[in-house]
Structures are given as structure tokens and as C-alpha cells.
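Working notes for the structure below.
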Amino acid sequence: MKETLALEIPPLAEFVGAARLFVGAAGRHFGVKEETVSDLKIAVSEACTGAIAAQAAQNGDGMGRPVRLTISPEDQSVVVEVVGEAGFWRTSPMEGATDPSILKNGLGLGLVEALFPEAQIHDLHDGSGRLRLTLKRSELDSMSEFSSDPLTGP
Amino acid sequence: MEDFEVITQEAAGDWTFLVLSGDIDLGTAPKLRQAILECVASGRNNIGIVLEKVGFMDSTGLAALVGGVKRTKENDGELVLIKPNEQIRRLLHLTDLDKIFPVYDSVSELASSGIQPNPQEVEVGR
């Protein structure tokens with residue numbers, strides 16, 4: 001039985017830390033290596049920042065679409081998704097990193113792609129946007145979560 | 001995750017040290033930005049940001065620091081980072097910002113670099 005862990009936060013700055021805690025704990029639960037957990041926290045923090053900034057730009061702080069995080073095992077890998085207001089990835093390019101006004105809402109895609117070159121970003125039909133990170137075997141400590149089912153055994 | 005806090009501001013010679021704790025992100029970076037601005041507004045333009053107790057920083061924290069570099073340089077001062085953890089060092093490296101921030105492992109190292117403060121006057125991590 002595949003297990004998916006999920007967290008939904010309101011699009012408010014004070015919940016970004018909760019998102020990081022969740023992805024850290026969930027990542028470790030699925031055997032993600034500690035160094036990858038650290039990068040995952042940065043990516044999720046950037047994603048939530050971008051989603052919250054996009055939401056605030058459209059609707060005002062805290063109103064509208066929540067940010068949803070999921071993490072689940074899939075075919076010898078672990079998939080992490082962040083879904084929030086569409087457009088949250090069209091934020092700052094990395095080359096603007098020395099300009100504080102550009103950095104204000106996070107580096108978004110530039111930094112995430114530096115950490116996870118195979119990151120996938122899509123706008124969805126319902127007006128939301130999705131970041132999808134697929135962590136492969138080399139980024140996982142243990143495959144025990146995949147080799148046995150807690151209900152049926154190995 | 002700890003709440004972000006500027007736990008002390010210590011002046012030593014021409015330098016002011018902001019000793020931070022907690023995480024720096026979208027929710028807390030404005031406090032850091034404000035603390036730096038207050039220093040510069042009161043004429044304290046050489047600022048050491050002590051990061052020993054900061055567990056996490058994302059690019060919104062970098063923005064506050066880059067803004068601080070800009071403000072201090074405009075006033076013939078300097079902003080340096082002291083004892084960032086591996087996560088923050090990695091972030092600085094990924095964004096190439098390690099080229100604009102002087103990074104020191106301790107206040108003593110900063111002091112030994114030349115015109116710097118007396119480290120005895122600074123209590124880090126109080």
C-alpha cells in the first residue's frame with residue numbers, strides 16, 4: 001500500500017516554517033538522505049514563498065488558494081509536490097541575486113533548479129501551479145519503505 | 001524550528017554585532033531587514049551578522065543581507081557574516097553571493113583580520 005503524506009497551509013508567511021518541518025520529517029520517514037533533506041527544505045521554502053507572494057499579489061495576504069505539499073513513494077523513488085497559486089515560479093532569475101528588490105520574494109525556480117536540475121514545473125487547469133521533484137534511489141538512504149508493505153509484509 | 005530573534009546587539013569599537021537565532025524566511029526576514037536598517041540609521045555602518053544560532057535561511061534572508069550590504073556600503077561601512085552553518089554556506093555558494101559577503105568563522109577571526117573590534121567586548125550567543 002502506498003502512503004502519501006500531505007500538508008496544506010494557508011498562503012501566509014508564518015506557515016513557511018511549518019512546511020519545512022513537514023517536508024523534513026516526511027522526507028526522513030521515506031528514507032531521504034540528510035543532505036537531500038536539507039536541499040528539499042530550501043526548495044520547499046522557495047516554493048511556498050513564491051506561491052504566497054503570487055497569492056498576495058492577486059488577492060491580498062492570506063486570502064484564496066492554500067499551498068498543498070505532498071510526499072509519496074513511487075516506483076523506487078520519492079516524489080515531492082508543492083501546489084499553489086499559478087505563476088509562483090515566474091519569479092526572480094538567479095542572475096538577479098545581488099539585487100535585493102529582486103530577491104525580496106525569493107529566487108524561486110532559479111534556486112530550485114540549481115538544487116534539483118530535474119524539477120518539473122507546470123501550470124494546472126484550475127489556475128494553480130505545481131512543482132514536482134522526483135528523488136531517485138541515489139538520494140535515498142534506504143529502500144525499506146518500498147520493499148515491504150506494513151500490512152502484507154515483504 | 002525556532003522563532004527568529006535578534007537576541008542581542010553588541011557594539012565593539014566601530015562594529016555592531018547582530019546575534020540572530022531561529023530560521024530566516026519570508027515570515028522573519030523583515031525583522032532582520034529592520035534590524036539592519038536601524039543600525040545604519042543610527043550611524044552604525046559596520047555590522048557583523050552572527051549566524052551561529054540560525055538553523056535555516058532561504059533567499060528571502062539573503063535579500064535582507066544583500067540589502068544590508070548595499071546600505072552599509074553607501075555609508076562607507078561593511079556587513080560581514082560570522083559562523084554561518086553549512087546550509088547557509090551552500091546557499092551563498094549556489095547564488096554566488098559568497099563573492100560579496102566576507103564570511104568569518106568567529107568574531108576573533110574578524111578581529112585578527114585588521115581594523116576590527118576587540119572580541120572580548122562581544123558576547124556571542126548570550
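Letters A, B, ... go to the chains of the C-alpha cells in the order shown; residues in each chain start at 1; ligands are counted from 1 in the same order.
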
Applying 8 Å and only C-alpha atoms, which residues near segment 129-139 of chain A remain after dropping the ones on its own chain fewer than 5 positions away? List them as a compact mmCIF listing (two decimals) with N, CA and C atoms, in the first residue's frame.
# COMPACT_ATOMS: atom_id res chain seq x y z
N VAL A 32 14.86 9.65 2.80
CA VAL A 32 15.64 10.61 2.01
C VAL A 32 16.92 10.95 2.78
N LYS A 33 18.03 10.98 2.08
CA LYS A 33 19.32 11.28 2.71
C LYS A 33 19.30 12.66 3.34
N THR A 36 20.03 15.63 1.21
CA THR A 36 18.93 15.93 0.29
C THR A 36 17.77 16.56 1.04
N ALA A 47 9.46 27.49 -2.83
CA ALA A 47 8.18 27.25 -3.50
C ALA A 47 7.04 27.93 -2.73
N GLN A 76 10.43 3.10 -6.72
CA GLN A 76 11.84 3.25 -6.35
C GLN A 76 12.29 4.70 -6.26
N SER A 77 11.36 5.57 -6.02
CA SER A 77 11.71 6.98 -5.86
C SER A 77 10.74 7.61 -4.86
N VAL A 78 11.02 8.83 -4.51
CA VAL A 78 10.11 9.59 -3.65
C VAL A 78 9.75 10.87 -4.39
N VAL A 79 8.47 11.16 -4.45
CA VAL A 79 8.01 12.32 -5.20
C VAL A 79 7.48 13.38 -4.22
N VAL A 80 7.99 14.58 -4.40
CA VAL A 80 7.55 15.71 -3.57
C VAL A 80 6.85 16.71 -4.49
N GLU A 81 5.66 17.13 -4.09
CA GLU A 81 4.94 18.12 -4.89
C GLU A 81 4.52 19.30 -4.02
N VAL A 82 4.60 20.46 -4.62
CA VAL A 82 4.07 21.68 -3.98
C VAL A 82 3.11 22.31 -4.97
N VAL A 83 1.87 22.49 -4.54
CA VAL A 83 0.86 23.09 -5.42
C VAL A 83 0.35 24.37 -4.76
N GLY A 84 0.37 25.44 -5.54
CA GLY A 84 -0.09 26.73 -5.02
C GLY A 84 -0.54 27.62 -6.16
N GLU A 85 -0.63 28.88 -5.87
CA GLU A 85 -1.10 29.83 -6.88
C GLU A 85 -0.22 29.76 -8.12
N ALA A 86 -0.85 29.70 -9.30
CA ALA A 86 -0.08 29.64 -10.55
C ALA A 86 0.76 30.89 -10.71
N GLY A 87 1.87 30.72 -11.37
CA GLY A 87 2.74 31.86 -11.61
C GLY A 87 3.80 32.03 -10.56
N PHE A 88 3.75 31.18 -9.53
CA PHE A 88 4.70 31.40 -8.45
C PHE A 88 6.12 31.05 -8.84
N PHE A 116 17.85 21.00 -7.75
CA PHE A 116 17.22 19.82 -8.36
C PHE A 116 17.05 20.07 -9.86
N GLU A 118 16.28 18.36 -12.29
CA GLU A 118 15.16 17.69 -12.99
C GLU A 118 13.81 18.11 -12.44
N ALA A 119 13.77 19.21 -11.72
CA ALA A 119 12.48 19.71 -11.21
C ALA A 119 11.52 20.00 -12.35
N GLN A 120 10.25 19.65 -12.12
CA GLN A 120 9.23 19.90 -13.14
C GLN A 120 8.24 20.93 -12.62
N ILE A 121 7.95 21.91 -13.44
CA ILE A 121 7.01 22.96 -13.05
C ILE A 121 5.90 23.04 -14.09
N HIS A 122 4.68 22.99 -13.62
CA HIS A 122 3.53 23.03 -14.54
C HIS A 122 2.47 23.98 -14.00
N ASP A 123 1.80 24.68 -14.92
CA ASP A 123 0.56 25.36 -14.58
C ASP A 123 -0.56 24.36 -14.79
N LEU A 124 -1.47 24.26 -13.84
CA LEU A 124 -2.58 23.32 -13.94
C LEU A 124 -3.83 24.03 -14.43

List every residue of chain B that has an atom at most 12 Å from any atom of chain A, and for each one report the closest atom pair and its distance in Å to one decimal, counting only C-alpha atoms, with rows sorted by chain and then by increasing residue number, as CSV.
residue,atom,partner,partner_atom,distance
B:Met1,CA,A:Gly17,CA,7.0
B:Glu2,CA,A:Gly17,CA,9.0
B:Asp3,CA,A:Gly17,CA,9.3
B:Phe4,CA,A:Gly17,CA,10.6
B:Gly22,CA,A:Gly17,CA,10.3
B:Asp23,CA,A:Gly17,CA,7.8
B:Ile24,CA,A:Gly17,CA,9.1
B:Asp25,CA,A:Val16,CA,7.5
B:Leu26,CA,A:Ala13,CA,5.5
B:Gly27,CA,A:Ala13,CA,4.5
B:Thr28,CA,A:Glu14,CA,7.9
B:Ala29,CA,A:Lys104,CA,9.2
B:Pro30,CA,A:Lys104,CA,9.6
B:Arg33,CA,A:Pro100,CA,10.6
B:Gly55,CA,A:Ser38,CA,10.7
B:Phe56,CA,A:Ile42,CA,8.4
B:Met57,CA,A:Ile42,CA,7.9
B:Asp58,CA,A:Ile42,CA,6.1
B:Ser59,CA,A:Gly106,CA,5.0
B:Thr60,CA,A:Gly106,CA,5.1
B:Gly61,CA,A:Lys104,CA,8.6
B:Leu62,CA,A:Leu103,CA,7.4
B:Ala63,CA,A:Pro100,CA,4.7
B:Ala64,CA,A:Pro100,CA,6.9
B:Leu65,CA,A:Pro100,CA,8.2
B:Val66,CA,A:Pro100,CA,5.7
B:Gly67,CA,A:Pro100,CA,5.3
B:Gly68,CA,A:Pro100,CA,9.0
B:Val69,CA,A:Pro100,CA,9.7
B:Lys70,CA,A:Pro100,CA,8.7
B:Arg71,CA,A:Pro100,CA,10.8
B:Asn85,CA,A:Ser38,CA,11.7
B:Glu86,CA,A:Ser38,CA,9.7
B:Gln87,CA,A:Ser38,CA,7.0
B:Ile88,CA,A:Ile42,CA,10.0
B:Arg90,CA,A:Asp39,CA,9.3
B:Leu91,CA,A:Ile42,CA,8.6
B:Leu92,CA,A:Ala97,CA,10.0
B:His93,CA,A:Ala114,CA,10.8
B:Leu94,CA,A:Ala114,CA,7.1
B:Thr95,CA,A:Ala97,CA,6.5
B:Asp96,CA,A:Ala97,CA,7.9
B:Leu97,CA,A:Thr98,CA,7.2
B:Asp98,CA,A:Thr98,CA,10.8
B:Lys99,CA,A:Thr98,CA,10.2
B:Ile100,CA,A:Thr98,CA,8.6
B:Phe101,CA,A:Thr98,CA,10.8

Measure the distance from atom CA of Phe22 of chain A to atom CA of Arg65 of chain A in Å and round it to one decimal. 19.1 Å

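Reported to one decimal place, the separation of atom CA of Ser108 of chain B from atom CA of Ala35 of chain B is 23.0 Å.
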